[in-house]
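S.K.: target_5.cif is reproduced in full below (mmCIF, C-alpha atoms).
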```cif
data_query
#
loop_
_atom_site.label_atom_id
_atom_site.label_comp_id
_atom_site.auth_asym_id
_atom_site.auth_seq_id
_atom_site.Cartn_x
_atom_site.Cartn_y
_atom_site.Cartn_z
CA MET A 1 -26.28 122.50 46.10
CA TYR A 2 -23.43 120.09 45.58
CA ASP A 3 -21.01 122.04 43.56
CA ASP A 4 -17.89 120.87 45.28
CA PRO A 5 -16.31 118.32 42.99
CA THR A 6 -14.27 116.87 45.79
CA LEU A 7 -17.30 115.62 47.55
CA PRO A 8 -19.08 112.51 46.37
CA ASP A 9 -22.25 112.95 44.53
CA PRO A 10 -25.01 111.57 46.69
CA ARG A 11 -26.72 110.35 43.59
CA GLU A 12 -23.95 107.83 43.10
CA GLU A 13 -23.98 106.58 46.66
CA LYS A 14 -24.40 102.95 47.06
CA VAL A 15 -26.22 101.50 49.95
CA SER A 16 -24.78 98.57 51.77
CA PRO A 17 -26.88 95.45 51.39
CA THR A 18 -26.49 94.89 55.07
CA ASP A 19 -28.48 98.00 56.05
CA VAL A 20 -31.79 97.34 57.58
CA THR A 21 -33.53 99.94 55.50
CA THR A 22 -33.00 101.42 52.09
CA PRO A 23 -33.41 105.18 51.85
CA ASP A 24 -36.17 106.65 49.77
CA ASN A 25 -34.38 108.22 46.86
CA SER A 26 -37.44 110.11 45.85
CA SER A 27 -37.01 112.60 48.72
CA LEU A 28 -33.58 113.51 47.43
CA TRP A 29 -34.22 113.85 43.74
CA GLY A 30 -37.93 114.35 43.61
CA SER A 31 -40.45 112.11 42.04
CA ALA A 32 -40.06 113.60 38.58
CA THR A 33 -36.35 113.08 38.42
CA ALA A 34 -36.14 110.00 40.56
CA LYS A 35 -33.56 107.48 39.45
CA THR A 36 -34.25 103.89 40.07
CA ILE A 37 -31.56 102.12 42.01
CA ALA A 38 -30.89 98.52 40.96
CA ASN A 39 -31.55 95.75 43.40
CA TRP A 40 -28.67 94.19 45.18
CA PRO A 41 -27.29 91.80 44.58
CA PRO A 42 -27.69 92.15 40.85
CA PRO A 43 -29.34 89.23 39.06
CA GLY A 44 -27.07 86.70 37.41
CA PRO A 45 -26.63 86.50 33.65
CA THR A 46 -29.45 85.05 31.67
CA TYR A 47 -28.50 82.05 29.53
CA ARG A 48 -30.51 80.49 26.71
CA ARG A 49 -31.47 76.98 27.59
CA ARG A 50 -30.00 74.39 25.24
CA GLU A 51 -32.61 72.31 23.44
CA THR A 52 -32.22 68.57 24.05
CA LEU A 53 -33.68 65.46 22.37
CA SER A 54 -36.34 63.48 24.03
CA SER A 55 -35.43 60.23 25.71
CA ARG A 56 -37.51 58.32 23.19
CA THR A 57 -35.58 59.84 20.31
CA ILE A 58 -32.30 59.06 22.00
CA ILE A 59 -33.35 55.46 22.53
CA LEU A 60 -34.41 55.20 18.90
CA ILE A 61 -31.09 56.62 17.70
CA ALA A 62 -29.21 54.23 19.96
CA ILE A 63 -31.17 51.30 18.57
CA LEU A 64 -30.48 52.40 15.01
CA ALA A 65 -26.80 52.84 15.78
CA VAL A 66 -26.60 49.38 17.31
CA ALA A 67 -28.45 47.95 14.30
CA LEU A 68 -26.12 49.67 11.86
CA ILE A 69 -23.05 48.53 13.76
CA SER A 70 -24.38 44.99 14.03
CA GLY A 71 -25.32 44.97 10.36
CA GLY A 72 -21.88 46.21 9.37
CA LEU A 73 -20.17 43.62 11.51
CA GLY A 74 -22.52 40.97 10.18
CA PHE A 75 -21.73 41.94 6.58
CA ILE A 76 -18.02 41.89 7.33
CA VAL A 77 -18.35 38.47 8.96
CA TYR A 78 -20.50 37.23 6.08
CA ALA A 79 -18.13 38.54 3.45
CA THR A 80 -15.17 37.10 5.29
CA THR A 81 -16.95 33.77 5.68
CA ILE A 82 -17.89 33.68 2.01
CA GLN A 83 -14.34 34.51 1.02
CA TYR A 84 -12.99 31.91 3.43
CA ARG A 85 -15.41 29.30 2.20
CA GLY A 86 -14.58 30.24 -1.37
CA GLY A 87 -10.92 29.78 -0.61
CA LEU A 88 -11.59 26.44 1.01
CA HIS A 89 -13.74 25.41 -1.93
CA ALA A 90 -11.05 26.44 -4.39
CA GLN A 91 -8.43 24.58 -2.39
CA ALA A 92 -10.72 21.56 -2.10
CA THR A 93 -11.39 21.69 -5.85
CA VAL A 94 -7.70 21.85 -6.65
CA PHE A 95 -7.01 19.02 -4.20
CA ALA A 96 -9.87 16.95 -5.59
CA ARG A 97 -8.71 17.50 -9.15
CA SER A 98 -5.16 16.68 -8.18
CA THR A 99 -6.40 13.53 -6.47
CA LEU A 100 -8.47 12.54 -9.47
CA GLN A 101 -5.57 13.25 -11.78
CA ALA A 102 -3.31 11.14 -9.59
CA GLN A 103 -5.88 8.37 -9.52
CA ASP A 104 -6.38 8.59 -13.26
CA THR A 105 -2.63 8.48 -13.80
CA ALA A 106 -2.27 5.46 -11.52
CA GLN A 107 -5.19 3.74 -13.19
CA ALA A 108 -3.81 4.49 -16.64
CA GLN A 109 -0.49 3.01 -15.63
CA VAL A 110 -1.94 -0.07 -13.97
CA GLN A 111 -5.45 -0.65 -15.34
CA GLY A 112 -6.05 1.59 -18.31
CA THR A 113 -5.43 0.93 -21.98
CA ALA A 114 -2.33 2.92 -22.91
CA ASN A 115 -2.85 6.23 -24.67
CA PHE A 116 -0.25 5.46 -27.31
CA PHE A 117 -3.07 3.94 -29.36
CA ALA A 118 -4.24 7.46 -30.10
CA THR A 119 -1.43 7.77 -32.65
CA ALA A 120 -2.50 4.70 -34.61
CA ASN A 121 -3.11 4.95 -38.34
CA ALA A 122 -6.71 5.32 -39.46
CA ASN A 123 -6.72 2.61 -42.11
CA ILE A 124 -6.46 -1.03 -41.18
CA TYR A 125 -4.50 -1.68 -44.40
CA ALA A 126 -2.49 1.54 -44.38
CA SER A 127 0.55 0.53 -42.35
CA ALA A 128 3.35 -0.88 -44.44
CA THR A 129 3.99 -4.47 -43.41
CA ALA A 130 6.62 -7.05 -44.21
CA GLN A 131 5.40 -10.53 -44.95
CA VAL A 132 7.74 -13.46 -44.87
CA GLY A 133 8.14 -14.76 -48.40
CA GLY A 134 6.50 -18.14 -48.88
CA THR A 135 5.10 -18.25 -45.35
CA ALA A 136 1.68 -19.53 -46.31
CA THR A 137 3.14 -22.26 -48.50
CA LEU A 138 5.55 -23.40 -45.82
CA THR A 139 2.76 -23.45 -43.29
CA ALA A 140 0.57 -25.53 -45.55
CA GLN A 141 3.39 -27.95 -46.09
CA GLY A 142 3.95 -28.19 -42.36
CA ASN A 143 0.28 -28.89 -41.76
CA ASN A 144 0.31 -31.62 -44.35
CA VAL A 145 3.08 -33.51 -42.63
CA THR A 146 1.35 -35.80 -40.18
CA ALA A 147 4.46 -36.52 -38.13
CA THR A 148 5.18 -32.83 -37.67
CA ALA A 149 1.63 -32.03 -36.63
CA THR A 150 1.61 -34.94 -34.21
CA THR A 151 4.90 -33.86 -32.69
CA TYR A 152 3.69 -30.31 -32.11
CA GLY A 153 0.35 -31.55 -30.79
CA SER A 154 2.16 -33.75 -28.32
CA LEU A 155 4.37 -30.84 -27.30
CA LEU A 156 1.36 -28.66 -26.53
CA ALA A 157 -0.35 -31.43 -24.60
CA GLN A 158 2.69 -31.98 -22.39
CA LEU A 159 3.28 -28.27 -21.72
CA THR A 160 -0.36 -27.61 -20.85
CA GLY A 161 -0.92 -30.83 -18.91
CA GLY A 162 0.69 -29.60 -15.69
CA ASN A 163 -0.26 -26.91 -13.21
CA SER A 164 -0.70 -23.46 -14.71
CA VAL A 165 0.78 -20.32 -13.19
CA LEU A 166 -2.25 -18.34 -14.33
CA ASN A 167 -5.79 -19.67 -14.46
CA ASP A 168 -8.41 -16.95 -14.91
CA THR A 169 -12.01 -17.70 -15.89
CA LEU A 170 -12.39 -13.98 -16.76
CA VAL A 171 -15.79 -13.71 -15.11
CA ASP A 172 -14.51 -10.61 -13.36
CA ASN A 173 -11.28 -8.82 -12.48
CA SER A 174 -10.84 -10.48 -9.09
CA GLY A 175 -8.03 -12.78 -10.25
CA GLY A 176 -5.39 -10.14 -9.54
CA ASN A 177 -4.23 -9.96 -13.16
CA GLN A 178 -5.48 -6.37 -13.62
CA TRP A 179 -7.13 -6.69 -16.99
CA ASP A 180 -7.69 -3.37 -18.76
CA THR A 181 -11.14 -1.91 -18.35
CA THR A 182 -12.40 1.17 -20.16
CA THR A 183 -15.02 3.74 -19.22
CA ASN A 184 -15.54 5.02 -22.75
CA THR A 185 -17.45 2.19 -24.42
CA THR A 186 -18.87 4.06 -27.42
CA SER A 187 -16.21 3.28 -30.01
CA SER A 188 -14.14 0.60 -28.29
CA ALA A 189 -14.31 -1.24 -25.01
CA CYS A 190 -12.49 -3.60 -22.68
CA ILE A 191 -15.09 -4.73 -20.14
CA PHE A 192 -16.31 -7.57 -17.97
CA ASN A 193 -19.90 -8.27 -19.04
CA GLY A 194 -20.82 -10.49 -16.08
CA THR A 195 -20.03 -13.73 -17.88
CA ASP A 196 -16.60 -13.23 -19.42
CA TYR A 197 -14.19 -10.60 -20.75
CA GLU A 198 -15.51 -8.65 -23.73
CA ILE A 199 -13.65 -6.50 -26.24
CA ASP A 200 -15.57 -4.33 -28.70
CA GLU A 201 -14.16 -2.50 -31.69
CA ASN A 202 -16.66 -0.31 -33.54
CA GLN A 203 -14.33 1.72 -35.75
CA SER A 204 -13.67 0.38 -39.20
CA GLY A 205 -9.96 -0.07 -39.78
CA TYR A 206 -8.91 -0.47 -36.14
CA LEU A 207 -8.15 -3.14 -33.62
CA GLN A 208 -8.63 -2.87 -29.85
CA PRO A 209 -6.02 -4.64 -27.69
CA CYS A 210 -6.57 -5.12 -23.96
CA PHE A 211 -3.89 -6.42 -21.60
CA ALA A 212 -3.49 -8.07 -18.21
CA GLU A 213 -1.32 -5.33 -16.70
CA ALA A 214 -0.05 -7.43 -13.78
CA THR A 215 1.39 -10.20 -15.97
CA ASN A 216 4.88 -10.72 -17.36
CA PHE A 217 5.96 -14.08 -18.79
CA THR A 218 9.06 -15.53 -20.46
CA ASN A 219 9.19 -19.02 -22.05
CA PHE A 220 5.53 -19.88 -21.67
CA ALA A 221 2.41 -21.38 -23.21
CA TYR A 222 -0.69 -19.19 -23.35
CA GLN A 223 -4.21 -20.40 -24.11
CA ALA A 224 -7.78 -19.02 -24.02
CA ASP A 225 -11.26 -19.59 -25.42
CA ILE A 226 -12.59 -17.01 -27.92
CA VAL A 227 -16.08 -16.48 -29.33
CA ILE A 228 -16.70 -13.86 -32.05
CA ASP A 229 -20.29 -12.62 -31.62
CA THR A 230 -20.27 -9.93 -34.31
CA GLY A 231 -17.68 -8.84 -36.85
CA THR A 232 -14.94 -11.00 -38.25
CA ALA A 233 -11.67 -11.30 -36.28
CA ALA A 234 -10.13 -11.56 -32.81
CA GLY A 235 -7.08 -13.08 -31.18
CA LEU A 236 -4.40 -13.35 -28.50
CA THR A 237 -1.76 -10.73 -27.71
CA PHE A 238 1.42 -11.65 -25.83
CA CYS A 239 4.97 -10.47 -25.02
CA ALA A 240 3.34 -7.05 -24.77
CA ASN A 241 4.78 -3.77 -23.56
CA PRO A 242 1.87 -1.29 -23.81
CA SER A 243 4.00 1.75 -22.98
CA LYS A 244 6.00 1.09 -26.15
CA GLY A 245 3.11 -0.21 -28.23
CA SER A 246 4.84 -3.52 -28.82
CA TYR A 247 3.30 -7.00 -28.81
CA TYR A 248 2.61 -10.09 -30.90
CA LEU A 249 -0.92 -10.62 -32.19
CA PHE A 250 -2.12 -14.13 -33.07
CA ARG A 251 -5.45 -13.53 -34.87
CA PHE A 252 -8.05 -15.57 -36.70
CA ASP A 253 -11.30 -14.79 -38.50
CA ILE A 254 -14.69 -16.42 -38.93
CA TYR A 255 -13.62 -17.80 -42.34
CA GLY A 256 -10.79 -19.94 -40.95
CA ASN A 257 -7.87 -17.62 -41.78
CA TYR A 258 -5.13 -16.86 -39.25
CA ALA A 259 -2.00 -14.68 -38.97
CA LEU A 260 0.76 -13.70 -36.60
CA ASP A 261 1.64 -9.98 -36.51
CA LEU A 262 4.43 -8.13 -34.74
CA TYR A 263 3.67 -4.60 -33.49
CA THR A 264 6.62 -2.49 -32.39
CA SER A 265 5.21 1.04 -32.28
CA GLY A 266 1.47 0.69 -31.79
CA SER A 267 0.65 1.35 -35.45
CA GLN A 268 3.31 -0.35 -37.58
CA ALA A 269 2.91 -4.09 -37.98
CA THR A 270 4.98 -6.83 -39.51
CA THR A 271 3.08 -9.93 -40.55
CA LEU A 272 5.26 -12.91 -39.68
CA LEU A 273 2.96 -15.77 -40.61
CA THR A 274 -0.34 -16.24 -42.44
CA GLY A 275 -2.44 -19.20 -43.41
CA ALA A 276 -5.89 -20.75 -43.60
CA ASP A 277 -7.22 -23.82 -41.83
CA PRO A 278 -11.04 -23.90 -41.87
CA THR A 279 -10.87 -27.56 -40.80
CA ASP A 280 -9.24 -26.92 -37.43
CA ILE A 281 -10.70 -23.42 -36.92
CA ALA A 282 -14.45 -23.39 -36.27
CA THR A 283 -15.89 -20.94 -38.80
CA GLY A 284 -18.85 -18.59 -38.49
CA LEU A 285 -20.17 -16.40 -35.69
CA SER A 286 -20.76 -17.53 -32.10
CA GLN A 287 -18.36 -20.46 -32.50
CA SER A 288 -15.90 -21.19 -29.69
CA ASN A 289 -12.25 -21.56 -30.66
CA THR A 290 -9.38 -22.30 -28.29
CA LEU A 291 -6.22 -20.51 -29.39
CA SER A 292 -2.84 -21.51 -27.96
CA VAL A 293 0.68 -20.19 -28.45
CA ILE A 294 4.04 -21.47 -27.22
CA VAL A 295 6.86 -18.95 -26.85
CA PHE A 296 10.28 -20.44 -26.22
CA LYS A 297 13.65 -18.79 -26.80
CA GLY A 298 12.63 -16.83 -29.85
CA THR A 299 10.38 -19.42 -31.50
CA LEU A 300 6.61 -19.07 -31.57
CA TYR A 301 4.26 -22.04 -32.16
CA LEU A 302 0.59 -21.45 -33.04
CA PHE A 303 -2.36 -23.78 -32.35
CA ALA A 304 -6.14 -23.69 -32.83
CA ASN A 305 -8.23 -26.19 -30.90
CA GLN A 306 -5.00 -28.12 -30.05
CA ALA A 307 -4.18 -28.49 -33.75
CA TYR A 308 -0.83 -27.17 -34.90
CA LEU A 309 -1.03 -24.29 -37.42
CA GLY A 310 2.53 -23.13 -37.86
CA SER A 311 5.60 -21.68 -36.21
CA VAL A 312 8.04 -18.86 -36.77
CA ALA A 313 11.38 -17.77 -35.31
CA ASN A 314 11.45 -14.17 -34.11
CA LYS A 315 13.41 -12.77 -31.17
CA THR A 316 12.15 -9.19 -31.31
CA LEU A 317 10.03 -9.71 -28.20
CA THR A 318 10.78 -12.45 -25.69
CA SER A 319 8.64 -11.54 -22.66
CA GLY A 320 5.81 -9.31 -21.49
CA MET A 321 2.10 -9.11 -20.76
CA ILE A 322 -0.63 -11.29 -22.15
CA GLY A 323 -3.91 -9.97 -23.56
CA PHE A 324 -6.56 -10.12 -26.27
CA ALA A 325 -7.75 -8.07 -29.23
CA SER A 326 -10.82 -7.52 -31.40
CA LEU A 327 -10.45 -6.32 -35.00
CA ASP A 328 -12.86 -4.33 -37.14
CA SER A 329 -11.81 -4.65 -40.78
CA SER A 330 -15.18 -3.47 -42.08
CA VAL A 331 -17.83 -4.56 -39.55
CA PRO A 332 -17.98 -3.70 -35.82
CA THR A 333 -16.63 -6.61 -33.83
CA LYS A 334 -17.59 -7.96 -30.42
CA ALA A 335 -15.61 -10.91 -29.08
CA GLU A 336 -15.75 -12.68 -25.74
CA PHE A 337 -12.78 -14.26 -23.99
CA SER A 338 -12.68 -16.82 -21.18
CA ASN A 339 -10.52 -19.42 -19.43
CA ALA A 340 -7.15 -17.75 -19.87
CA GLN A 341 -4.26 -20.01 -18.78
CA VAL A 342 -0.48 -19.70 -18.77
CA TRP A 343 2.20 -22.32 -18.15
CA THR A 344 5.89 -21.49 -17.81
CA PHE A 345 8.91 -23.76 -18.34
CA SER A 346 12.67 -23.63 -18.68
CA ALA A 347 13.02 -26.32 -21.35
CA LEU A 348 10.85 -28.04 -23.92
CA PRO A 349 9.99 -31.66 -23.12
CA THR A 350 11.13 -34.53 -25.30
CA VAL A 351 8.26 -35.67 -27.48
CA THR A 352 7.68 -38.51 -29.92
CA PRO A 353 8.07 -39.36 -32.73
CA GLY A 354 11.29 -37.33 -32.56
CA THR A 355 12.83 -33.99 -31.80
CA ILE A 356 10.96 -30.73 -32.19
CA PRO A 357 10.90 -29.78 -35.89
CA SER A 358 12.38 -26.52 -37.10
CA PRO A 359 9.96 -23.61 -37.50
CA THR A 360 8.11 -23.55 -40.80
CA ALA A 361 9.09 -19.93 -41.41
CA THR A 362 11.48 -17.41 -39.94
CA ALA A 363 11.37 -13.66 -39.64
CA THR A 364 14.92 -13.47 -40.97
CA ALA A 365 13.87 -14.63 -44.42
CA THR A 366 13.79 -12.19 -47.29
CA VAL A 367 10.76 -9.98 -46.86
CA THR A 368 8.69 -8.03 -49.30
CA ALA A 369 6.55 -5.02 -48.53
CA THR A 370 2.85 -5.78 -48.66
CA THR A 371 -0.44 -4.26 -47.61
CA THR A 372 -1.74 -7.27 -45.76
CA ALA A 373 -4.43 -6.78 -43.17
CA SER A 374 -2.27 -5.86 -40.21
CA PRO A 375 -4.67 -3.65 -38.32
CA SER A 376 -3.75 -0.45 -36.55
CA ALA A 377 -4.50 -0.13 -32.88
CA SER A 378 -7.70 1.67 -31.97
CA PRO A 379 -7.19 5.27 -30.77
CA SER A 380 -10.55 5.56 -29.07
CA ALA A 381 -10.44 3.38 -25.98
CA THR A 382 -9.42 5.29 -22.87
CA PRO A 383 -9.17 4.04 -19.26
#
```
As a first step, turn the structure in this file into structure tokens.
M.R.:
Amino acid sequence: MYDDPTLPDPREEKVSPTDVTTPDNSSLWGSATAKTIANWPPPGPTYRRRETLSSRTIILIAILAVALISGGLGFIVYATTIQYRGGLHAQATVFARSTLQAQDTAQAQVQGTANFFATANANIYASATAQVGGTATLTAQGNNVTATATTYGSLLAQLTGGNSVLNDTLVDNSGGNQWDTTTNTTSSACIFNGTDYEIDENQSGYLQPCFAEATNFTNFAYQADIVIDTGTAAGLTFCANPSKGSYYLFRFDIYGNYALDLYTSGSQATTLLTGADPTDIATGLSQSNTLSVIVFKGTLYLFANQAYLGSVANKTLTSGMIGFASLDSSVPTKAEFSNAQVWTFSALPTVTPGTIPSPTATATATVTATTTASPSASPSATP
């Protein structure tokens, strides 16, 4: 038996893998107690195989990933594009509005009827006026003096017999005089109707003035043909400064009455001269009347159909634009204007039968407050 502990136990003996044979351990230990000897070399460790996805699944996932990435990029690009376009649109809108505002401002300054009319009084008779005392009587006396009338008629004929510095048929706005034109034509209007220049005033108690913005005259004669189609009154404006609301208005009505008003603030008027001459003024609707005015060094001479009506001295306004006006005292008025002409001069010609008579009335005479029909400017017309 193997009781010596210093000797190796044969049961623990290992056999070299290089031996040709492997001993039969059963002969040493017996079959009942035989101990199985492990094979050499020992088997390697057993690992659990990792489960993997199929190639089809991987391809599908890759496609989905690409789609998600593409979709995300597309959304980002879309959102960025929308924002960029929105920014451009906003900038374009601001630019367009700025451009339109600039154009509107330029048009208002050059073509449009001035906005100062928006402050006009509502009632055509409301503005306090000053009428020259005895004006109508003096005018009538002047008209009854044949020599005086002849002298003034000769004066007008000589001043308007030469070449005019402005000759506008008023068929359209191509004459370069920049007549006011309005886009809002509901209440009031300054328009070219294809035949001549038309001014409408549809608000009771207002007048609508329209000016030739490119004009500016000093010492001149101004003449035009006027037809009142509906309503009652129309006339010439001159020595106008629309930005200040100042101008003279020489008006007449379908009954043969006439007046000369001075506007200095757009709504306050001073009546300088009034009268009636149904003989020289064609009365009724659709009648053509030629109104003329001479402005020379502070004296204003009025004519209808080449007949002298009266004159007045007033140096408040000495130069400015020419224009027209329609007045609605109680009935909407539509008037048409054509053949506008202007002559300028530095001195009045010598006429027979003598020197130019003194004016029949002056604005320096004692005045009394009245409520004569000196209409307020219409607030409705806009360029």
S.K.: Given all atoms listed in the file as the basis, pick out the residue of A:Thr299, A:Gln208, A:Thr57, A:Ser311 nearest to Thr182 (chain A).
M.R.: A:Gln208
S.K.: Do you know which residues the PyMOL selection byres ((chain A and resi 332) around 12) returns on this file, as a PDB file with C-alpha atoms, keeping the file's coordinate frame?
M.R.:
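Written output follows (selection-v8.pdb):
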```pdb
ATOM      1  CA  THR A 186     -18.870   4.060 -27.420  1.00  0.00           C
ATOM      2  CA  SER A 187     -16.210   3.280 -30.010  1.00  0.00           C
ATOM      3  CA  SER A 188     -14.140   0.600 -28.290  1.00  0.00           C
ATOM      4  CA  ALA A 189     -14.310  -1.240 -25.010  1.00  0.00           C
ATOM      5  CA  ILE A 199     -13.650  -6.500 -26.240  1.00  0.00           C
ATOM      6  CA  ASP A 200     -15.570  -4.330 -28.700  1.00  0.00           C
ATOM      7  CA  GLU A 201     -14.160  -2.500 -31.690  1.00  0.00           C
ATOM      8  CA  ASN A 202     -16.660  -0.310 -33.540  1.00  0.00           C
ATOM      9  CA  GLN A 203     -14.330   1.720 -35.750  1.00  0.00           C
ATOM     10  CA  SER A 204     -13.670   0.380 -39.200  1.00  0.00           C
ATOM     11  CA  GLY A 205      -9.960  -0.070 -39.780  1.00  0.00           C
ATOM     12  CA  TYR A 206      -8.910  -0.470 -36.140  1.00  0.00           C
ATOM     13  CA  LEU A 207      -8.150  -3.140 -33.620  1.00  0.00           C
ATOM     14  CA  GLN A 208      -8.630  -2.870 -29.850  1.00  0.00           C
ATOM     15  CA  ILE A 228     -16.700 -13.860 -32.050  1.00  0.00           C
ATOM     16  CA  ASP A 229     -20.290 -12.620 -31.620  1.00  0.00           C
ATOM     17  CA  THR A 230     -20.270  -9.930 -34.310  1.00  0.00           C
ATOM     18  CA  GLY A 231     -17.680  -8.840 -36.850  1.00  0.00           C
ATOM     19  CA  THR A 232     -14.940 -11.000 -38.250  1.00  0.00           C
ATOM     20  CA  ALA A 233     -11.670 -11.300 -36.280  1.00  0.00           C
ATOM     21  CA  ALA A 234     -10.130 -11.560 -32.810  1.00  0.00           C
ATOM     22  CA  SER A 326     -10.820  -7.520 -31.400  1.00  0.00           C
ATOM     23  CA  LEU A 327     -10.450  -6.320 -35.000  1.00  0.00           C
ATOM     24  CA  ASP A 328     -12.860  -4.330 -37.140  1.00  0.00           C
ATOM     25  CA  SER A 329     -11.810  -4.650 -40.780  1.00  0.00           C
ATOM     26  CA  SER A 330     -15.180  -3.470 -42.080  1.00  0.00           C
ATOM     27  CA  VAL A 331     -17.830  -4.560 -39.550  1.00  0.00           C
ATOM     28  CA  THR A 333     -16.630  -6.610 -33.830  1.00  0.00           C
ATOM     29  CA  LYS A 334     -17.590  -7.960 -30.420  1.00  0.00           C
ATOM     30  CA  ALA A 335     -15.610 -10.910 -29.080  1.00  0.00           C
TER      31      ALA A 335
END
```
S.K.: Would you place a box with edges along x, y and z of the file around all atoms of region 327-335 of chain A listed there, add 4 Å to each of its six sides, and report the centre and edge lengths in Å to one decimal, as lines of an AutoDock Vina configuration file?
M.R.:
```
center_x = -14.2
center_y = -7.2
center_z = -35.6
size_x = 15.5
size_y = 15.4
size_z = 21.0
```
S.K.: Selected by the PyMOL selection byres ((chain A and resi 211-214) around 10) in the shown coordinates: which residues, as an MDAnalysis selection string?
M.R.: chainID A and resid 109:114 173 176:181 190 209:210 215:216 236:238 240:242 320:325
S.K.: What gap, in Å, lies between CA of Thr350 (chain A) and CA of Thr279 (chain A)?
M.R.: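 Computed distance, CA of Thr350 (chain A) to CA of Thr279 (chain A), equals 27.8 Å.
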S.K.: Please provide as a ChimeraX atom specification all residues within 8 Å of region 340-343 of chain A, with the sequence filter that same-chain residues fewer than 5 positions apart are discarded (counting all atoms listed in the file).
M.R.: /A:159-160,162-170,220-225
S.K.: Could you state the separation of CA of Leu272 (chain A) and CA of Phe303 (chain A) in Å, given to one decimal place?
M.R.: 15.2 Å
S.K.: Pick from A:Glu198, A:Asp261, A:Glu336, A:Asp172: nearest to Leu273 (chain A), with only C-alpha atoms counted?
M.R.: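 Nearest to Leu273 (chain A): A:Asp261.
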S.K.: Rounded to one decimal, what separation in Å do you get between CA of Phe252 (chain A) and CA of Gly235 (chain A)?
M.R.: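 Separating CA of Phe252 (chain A) from CA of Gly235 (chain A) is a distance of 6.1 Å.
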S.K.: Check which residues satisfy the PyMOL selection byres ((chain A and resi 304) around 7) in the file shown, then give them as a PyMOL selection string.
M.R.: chain A and resi 280-281+289-292+303+305-309
S.K.: Quick one: of A:Val227, A:Thr318, A:Val293, A:Leu302, who's nearest to Asp196 (chain A), counting only C-alpha atoms?
M.R.: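 Of all the options, A:Val227 lies closest to Asp196 (chain A).
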S.K.: With all atoms listed in the file as the atoms that count, which of A:Ala347, A:Leu285, A:Leu260, A:Ile61 lies nearest to Tyr301 (chain A)?
M.R.: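 Under the stated criterion, the closest residue is A:Leu260.
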